[in-house]
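Q: Dumping the structure here so I can ask a few things about it.
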Amino acid sequence: MPAIGVFALQGDVREHLATLTALGADAFPVRRPEELARCDGLVLPGGESTTMAKLARTFDLLEPLRERVSGGMPTFGTCAGMILLADRILDGAAGQETIGGLDVTVRRNAFGRQVDSFEADLELTGLDEPVHAVFIRAPWVEEVGAGVEVLAEAEGHPVAVRQGHLLATSFHPEVADDGRIHRLFLDLVQG
Ligand code: GLN
């Protein structure tokens with residue numbers, strides 16, 4: 001049973017824990033470096049990426065997170081979690097830090113300029129049936145590096161990407177009562 005931590009200083013932690021537990025993972029919240037050290041894989045939830053990055057720095061988790069992610073720990077970011085994984089941010093707060101590792105540029109609150117929140121059924125590479133995607137003040141991916149595979153798009157912009165051990169979605173699979181994307185992530189962890 002893989003040990004999957006969910007970054008838990010801020011964000012929709014409970015929904016991820018419930019989905020992962022239902023899939024048979026040993027899922028637990030991560031607030032301290034000792035908890036991070038136990039992880040076979042990590043989920044960065046949705047929430048507020050500026051707050052998450054500040055809290056990670058305050059609680060001495062930011063550098064350990066960077067080390068684990070760059071060291072190859074499978075990591076799955078949803079919405080704010082995608083922003084935390086991104087190497088480059090547009091429309092970030094002044095001085096906003098990320099964990100990084102994912103060779104993409106994301107634009108924060110990108111859809112929000114048109115509409116704050118919306119839902120859409122999307123084709124996603126690796127899944128037979130479309131996913132019902134819930135977007136809440138979501139980022140989109142504006143640019144991807146050579147090693148990044150785009151798994152899904154909405155309104156012409158990538159909203160699900162994979163780069164080796166890293167997976168990220170602009171939307172929130174954890175609120176959709178559909179464990180298939182978490183299952184893809186667990187396959188990455190166990191693969
Ligand atoms: N807009 C948020 C941010 O910039 C992300 C929103 C979300 O995670 N639902 O961090």
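Ordering of the structure tokens sets the chain letters (A, B, ...), residue numbers begin anew at 1 in every chain, and ligands are numbered from 1 in the order given.
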List all protein, DNA and RNA residues that have any atom at most 9 Å from ligand 1, counting only C-alpha atoms and all ligand atoms, and write the list as a VMD selection string.

A: chain A and resid 11 to 12 45 to 52 78 to 84 91 to 93 107 to 110 112 117 135 to 139 170 to 172

Q: For the residues selected in the previous step, produce a file with N, CA, C and O atoms as a short mmCIF file (atom, residue, chain, number, x, y, z; two decimals), in the first residue's frame.

A:
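After the write, again.cif holds the following:
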```cif
data_model
loop_
_atom_site.label_atom_id
_atom_site.label_comp_id
_atom_site.auth_asym_id
_atom_site.auth_seq_id
_atom_site.Cartn_x
_atom_site.Cartn_y
_atom_site.Cartn_z
N GLY A 11 -5.63 24.29 2.15
CA GLY A 11 -6.21 23.72 0.95
C GLY A 11 -7.24 22.63 1.24
O GLY A 11 -7.54 22.33 2.39
N ASP A 12 -7.77 22.04 0.16
CA ASP A 12 -8.84 21.03 0.33
C ASP A 12 -8.23 19.64 0.51
O ASP A 12 -8.29 18.75 -0.33
N PRO A 45 -2.78 20.02 -2.81
CA PRO A 45 -4.21 20.22 -3.06
C PRO A 45 -4.52 21.57 -3.68
O PRO A 45 -3.63 22.40 -3.90
N GLY A 46 -5.80 21.78 -3.93
CA GLY A 46 -6.26 23.11 -4.31
C GLY A 46 -6.37 23.98 -3.07
O GLY A 46 -6.44 23.49 -1.95
N GLY A 47 -6.36 25.27 -3.28
CA GLY A 47 -6.40 26.22 -2.17
C GLY A 47 -5.94 27.56 -2.68
O GLY A 47 -6.37 28.00 -3.74
N GLU A 48 -5.01 28.16 -1.97
CA GLU A 48 -4.48 29.45 -2.37
C GLU A 48 -2.96 29.32 -2.43
O GLU A 48 -2.31 29.18 -1.40
N SER A 49 -2.43 29.36 -3.65
CA SER A 49 -1.01 29.03 -3.82
C SER A 49 -0.08 30.00 -3.10
O SER A 49 0.98 29.59 -2.62
N THR A 50 -0.48 31.27 -3.01
CA THR A 50 0.39 32.24 -2.32
C THR A 50 0.49 31.88 -0.84
O THR A 50 1.58 31.86 -0.26
N THR A 51 -0.65 31.57 -0.22
CA THR A 51 -0.69 31.21 1.20
C THR A 51 0.07 29.91 1.42
O THR A 51 0.85 29.78 2.38
N MET A 52 -0.14 28.95 0.52
CA MET A 52 0.51 27.65 0.69
C MET A 52 2.03 27.81 0.64
O MET A 52 2.75 27.20 1.44
N THR A 78 -3.14 19.76 -7.83
CA THR A 78 -4.43 20.17 -8.39
C THR A 78 -4.64 21.66 -8.14
O THR A 78 -4.54 22.12 -7.01
N CYS A 79 -4.90 22.39 -9.19
CA CYS A 79 -5.22 23.82 -9.14
C CYS A 79 -4.08 24.61 -8.45
O CYS A 79 -3.03 24.74 -9.05
N ALA A 80 -4.27 25.09 -7.24
CA ALA A 80 -3.17 25.77 -6.56
C ALA A 80 -1.94 24.86 -6.51
O ALA A 80 -0.80 25.33 -6.60
N GLY A 81 -2.18 23.55 -6.39
CA GLY A 81 -1.07 22.59 -6.37
C GLY A 81 -0.32 22.55 -7.68
O GLY A 81 0.90 22.34 -7.72
N MET A 82 -1.04 22.77 -8.80
CA MET A 82 -0.37 22.87 -10.09
C MET A 82 0.54 24.09 -10.12
O MET A 82 1.67 24.04 -10.63
N ILE A 83 0.05 25.20 -9.55
CA ILE A 83 0.85 26.43 -9.50
C ILE A 83 2.12 26.19 -8.68
O ILE A 83 3.22 26.61 -9.07
N LEU A 84 1.97 25.47 -7.56
CA LEU A 84 3.14 25.21 -6.71
C LEU A 84 4.19 24.36 -7.42
O LEU A 84 5.38 24.46 -7.13
N ASP A 91 1.02 36.32 -13.59
CA ASP A 91 -0.01 36.88 -12.69
C ASP A 91 0.12 36.34 -11.26
O ASP A 91 -0.88 36.22 -10.54
N GLY A 92 1.34 36.04 -10.85
CA GLY A 92 1.57 35.64 -9.47
C GLY A 92 1.57 36.86 -8.57
O GLY A 92 1.61 38.00 -9.04
N ALA A 93 1.50 36.62 -7.26
CA ALA A 93 1.68 37.72 -6.31
C ALA A 93 3.15 38.13 -6.33
O ALA A 93 4.01 37.34 -6.74
N ARG A 107 -0.60 30.40 -15.82
CA ARG A 107 -1.19 31.71 -15.55
C ARG A 107 -2.23 31.55 -14.45
O ARG A 107 -3.18 30.79 -14.60
N ARG A 108 -2.00 32.24 -13.33
CA ARG A 108 -2.95 32.15 -12.20
C ARG A 108 -4.27 32.80 -12.57
O ARG A 108 -4.30 33.82 -13.26
N ASN A 109 -5.34 32.24 -12.02
CA ASN A 109 -6.70 32.80 -12.17
C ASN A 109 -6.99 33.11 -13.64
O ASN A 109 -7.67 34.09 -13.94
N ALA A 110 -6.50 32.26 -14.53
CA ALA A 110 -6.55 32.57 -15.96
C ALA A 110 -7.98 32.61 -16.48
O ALA A 110 -8.36 33.52 -17.20
N GLY A 112 -10.48 32.96 -14.65
CA GLY A 112 -11.24 33.84 -13.77
C GLY A 112 -11.51 35.21 -14.35
O GLY A 112 -12.41 35.91 -13.90
N SER A 117 -15.73 30.34 -11.93
CA SER A 117 -15.78 28.90 -11.76
C SER A 117 -16.70 28.32 -12.82
O SER A 117 -17.69 28.93 -13.20
N PHE A 135 -13.62 23.59 -12.25
CA PHE A 135 -12.59 24.65 -12.24
C PHE A 135 -13.02 25.74 -11.27
O PHE A 135 -14.14 26.25 -11.37
N ILE A 136 -12.14 26.10 -10.34
CA ILE A 136 -12.45 27.15 -9.35
C ILE A 136 -11.29 28.15 -9.33
O ILE A 136 -10.20 27.83 -8.85
N ARG A 137 -11.51 29.32 -9.88
CA ARG A 137 -10.42 30.31 -10.01
C ARG A 137 -9.13 29.62 -10.48
O ARG A 137 -8.06 29.75 -9.87
N ALA A 138 -9.27 28.91 -11.56
CA ALA A 138 -8.24 27.97 -11.98
C ALA A 138 -7.15 28.64 -12.82
O ALA A 138 -7.41 29.59 -13.55
N PRO A 139 -5.93 28.09 -12.72
CA PRO A 139 -4.88 28.49 -13.66
C PRO A 139 -5.04 27.72 -14.97
O PRO A 139 -5.74 26.71 -15.01
N SER A 170 -5.45 21.64 -13.66
CA SER A 170 -5.97 22.96 -13.29
C SER A 170 -7.25 22.83 -12.48
O SER A 170 -7.65 23.75 -11.79
N PHE A 171 -7.92 21.68 -12.67
CA PHE A 171 -9.23 21.47 -12.06
C PHE A 171 -9.08 20.58 -10.83
O PHE A 171 -7.97 20.28 -10.40
N HIS A 172 -10.22 20.20 -10.26
CA HIS A 172 -10.26 19.54 -8.94
C HIS A 172 -10.87 18.15 -9.02
O HIS A 172 -12.04 17.97 -8.68
#
```

Q: Just want the 7 Å neighbourhood of range 174-185 of chain A, counted on only C-alpha atoms, with same-chain residues fewer than 6 positions away dropped. Output as a PyMOL selection string.

A: chain A and resi 15-16+19-20+76+132

Q: Filtering to N, CA and C atoms, could you give me those residues as a compact mmCIF listing (two decimals), in the first residue's frame?

A:
```
# COMPACT_ATOMS: atom_id res chain seq x y z
N GLU A 15 -10.67 16.16 1.03
CA GLU A 15 -11.21 15.54 -0.18
C GLU A 15 -10.17 14.63 -0.82
N HIS A 16 -8.92 15.09 -0.84
CA HIS A 16 -7.85 14.24 -1.40
C HIS A 16 -7.63 13.01 -0.53
N THR A 19 -10.39 10.49 -1.20
CA THR A 19 -10.27 9.82 -2.49
C THR A 19 -9.13 8.80 -2.48
N LEU A 20 -7.99 9.19 -1.93
CA LEU A 20 -6.83 8.30 -1.90
C LEU A 20 -7.09 7.07 -1.02
N PHE A 76 1.50 15.05 -7.36
CA PHE A 76 0.28 15.38 -8.11
C PHE A 76 -0.26 16.70 -7.56
N HIS A 132 -15.43 14.73 -15.59
CA HIS A 132 -16.18 15.93 -15.26
C HIS A 132 -15.26 16.83 -14.44
```

Q: If you run DSSP on the backbone here, which positions in chain A get strand (DSSP E or B)? Please write them as a PyMOL selection string.

A: chain A and resi 3-7+26-30+41-44+75-78+86-90+102-107+117-122+131-136+140-144+149-154+157-163+166-169

Q: Figure out the distance between CA of His157 in chain A and CA of Leu102 in chain A, please, to one decimal in Å.

A: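 Computing it gives 16.5 Å between the two atoms.
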
Q: Can you list, as a PyMOL selection string, every protein, DNA or RNA residue that comes within 9 Å of Ala27 in chain A when you count only C-alpha atoms, leaving out same-chain residues fewer than 6 positions away?

A: chain A and resi 2-6+16-18+20-21

Q: Skip Arg162 in chain A itself and residues of its chain fewer than 3 positions away, then list as an MDAnalysis selection string all residues within 12 Å of it, counting only C-alpha atoms.

A: chainID A and resid 74:77 82 85:86 101:104 124:126 141 144:152 158:159 165:169 181 184:185 188

Q: Would you save the residues of that selection, restricted to C-alpha atoms, as a CSV table (one decimal), in the first residue's frame?

A:
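Resulting contents of part-v7.csv:
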```csv
chain,number,residue,atom,x,y,z
A,74,PRO,CA,5.9,11.3,-7.6
A,75,THR,CA,3.8,14.4,-7.0
A,76,PHE,CA,0.3,15.4,-8.1
A,77,GLY,CA,-0.8,19.0,-8.0
A,82,MET,CA,-0.4,22.9,-10.1
A,85,LEU,CA,4.7,22.6,-9.0
A,86,ALA,CA,5.2,25.1,-11.9
A,101,GLY,CA,10.0,20.9,-11.0
A,102,LEU,CA,7.3,21.0,-13.7
A,103,ASP,CA,8.7,22.7,-16.8
A,104,VAL,CA,5.6,24.8,-17.5
A,124,LEU,CA,-8.1,13.0,-20.8
A,125,THR,CA,-5.3,10.9,-22.3
A,126,GLY,CA,-5.2,7.6,-20.5
A,141,VAL,CA,-0.9,26.2,-18.6
A,144,VAL,CA,5.0,23.7,-21.8
A,145,GLY,CA,8.6,22.5,-22.0
A,146,ALA,CA,9.8,19.7,-24.3
A,147,GLY,CA,9.4,16.9,-21.7
A,148,VAL,CA,5.8,17.8,-20.8
A,149,GLU,CA,2.9,15.8,-22.1
A,150,VAL,CA,-0.5,17.6,-22.4
A,151,LEU,CA,-3.2,15.2,-21.2
A,152,ALA,CA,-6.3,17.5,-21.5
A,158,PRO,CA,-3.7,22.7,-21.4
A,159,VAL,CA,-5.3,21.9,-18.1
A,165,HIS,CA,6.9,11.6,-12.1
A,166,LEU,CA,4.9,14.9,-12.0
A,167,LEU,CA,1.1,15.2,-12.7
A,168,ALA,CA,-0.9,18.4,-12.5
A,169,THR,CA,-4.5,19.5,-13.3
A,181,ILE,CA,-7.1,10.6,-12.0
A,184,LEU,CA,-3.4,7.3,-12.6
A,185,PHE,CA,-1.3,9.0,-10.0
A,188,LEU,CA,2.8,6.5,-11.4
```

Q: Give the helix (DSSP H, G or I) residues of chain A, as DSSP finds them on the backbone, and put them as a PyMOL selection string.

A: chain A and resi 13-22+33-37+49-58+62-70+80-85+111-113+173-175+180-190

Q: At a cut-off of 8 Å, using only C-alpha atoms, what residues contact Asp60 in chain A? Leave out same-chain residues fewer than 3 positions from it and give the result as a PDB file with N, CA and C atoms, in the first residue's frame.

A:
```pdb
ATOM      1  N   ARG A  32       4.840  18.537   8.398  1.00  0.00           N
ATOM      2  CA  ARG A  32       6.204  18.594   8.936  1.00  0.00           C
ATOM      3  C   ARG A  32       7.164  17.796   8.058  1.00  0.00           C
ATOM      4  N   PRO A  33       8.426  18.156   8.081  1.00  0.00           N
ATOM      5  CA  PRO A  33       9.421  17.415   7.286  1.00  0.00           C
ATOM      6  C   PRO A  33       9.429  15.917   7.591  1.00  0.00           C
ATOM      7  N   ALA A  56       4.507  27.069   3.710  1.00  0.00           N
ATOM      8  CA  ALA A  56       5.556  26.063   3.523  1.00  0.00           C
ATOM      9  C   ALA A  56       6.907  26.631   3.938  1.00  0.00           C
ATOM     10  N   ARG A  57       7.143  27.893   3.585  1.00  0.00           N
ATOM     11  CA  ARG A  57       8.405  28.527   3.993  1.00  0.00           C
ATOM     12  C   ARG A  57       8.457  28.683   5.510  1.00  0.00           C
ATOM     13  N   GLU A  63      11.998  23.981   1.346  1.00  0.00           N
ATOM     14  CA  GLU A  63      13.247  23.379   0.830  1.00  0.00           C
ATOM     15  C   GLU A  63      13.142  21.852   0.801  1.00  0.00           C
ATOM     16  N   PRO A  64      12.648  21.213   1.891  1.00  0.00           N
ATOM     17  CA  PRO A  64      12.468  19.752   1.813  1.00  0.00           C
ATOM     18  C   PRO A  64      11.536  19.336   0.667  1.00  0.00           C
TER      19      PRO A  64
END
```

Q: Work out how far CA of Cys39 in chain A is from CA of Ile99 in chain A, in Å to one decimal.

A: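 One can read the CA of Ile99 in chain A to CA of Cys39 in chain A distance as 16.3 Å.
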
Q: May I ask for the distance between CA of Leu36 in chain A and CA of Glu143 in chain A, given in Å to one decimal place?

A: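 That distance, rounded to one decimal, is 29.4 Å.
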
Q: Taking only C-alpha atoms into account, which of A:Met1, A:Ala154, A:Val13, A:Ala8 comes nearest Asp26 in chain A?

A: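 Using only C-alpha atoms, the shortest distance to Asp26 in chain A belongs to A:Met1.
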
Q: When you count only C-alpha atoms, which of these residues is closest to Gly72 in chain A: A:Pro130, A:Gly191, A:Gly24, A:Gly164?

A: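 Of all the options, A:Gly164 lies closest to Gly72 in chain A.
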
Q: Nearest residue to Glu155 in chain A out of A:Glu119, A:Asp187, A:Glu35, A:Glu97, using only C-alpha atoms?

A: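 Among the listed residues, the smallest separation from Glu155 in chain A belongs to A:Glu119.
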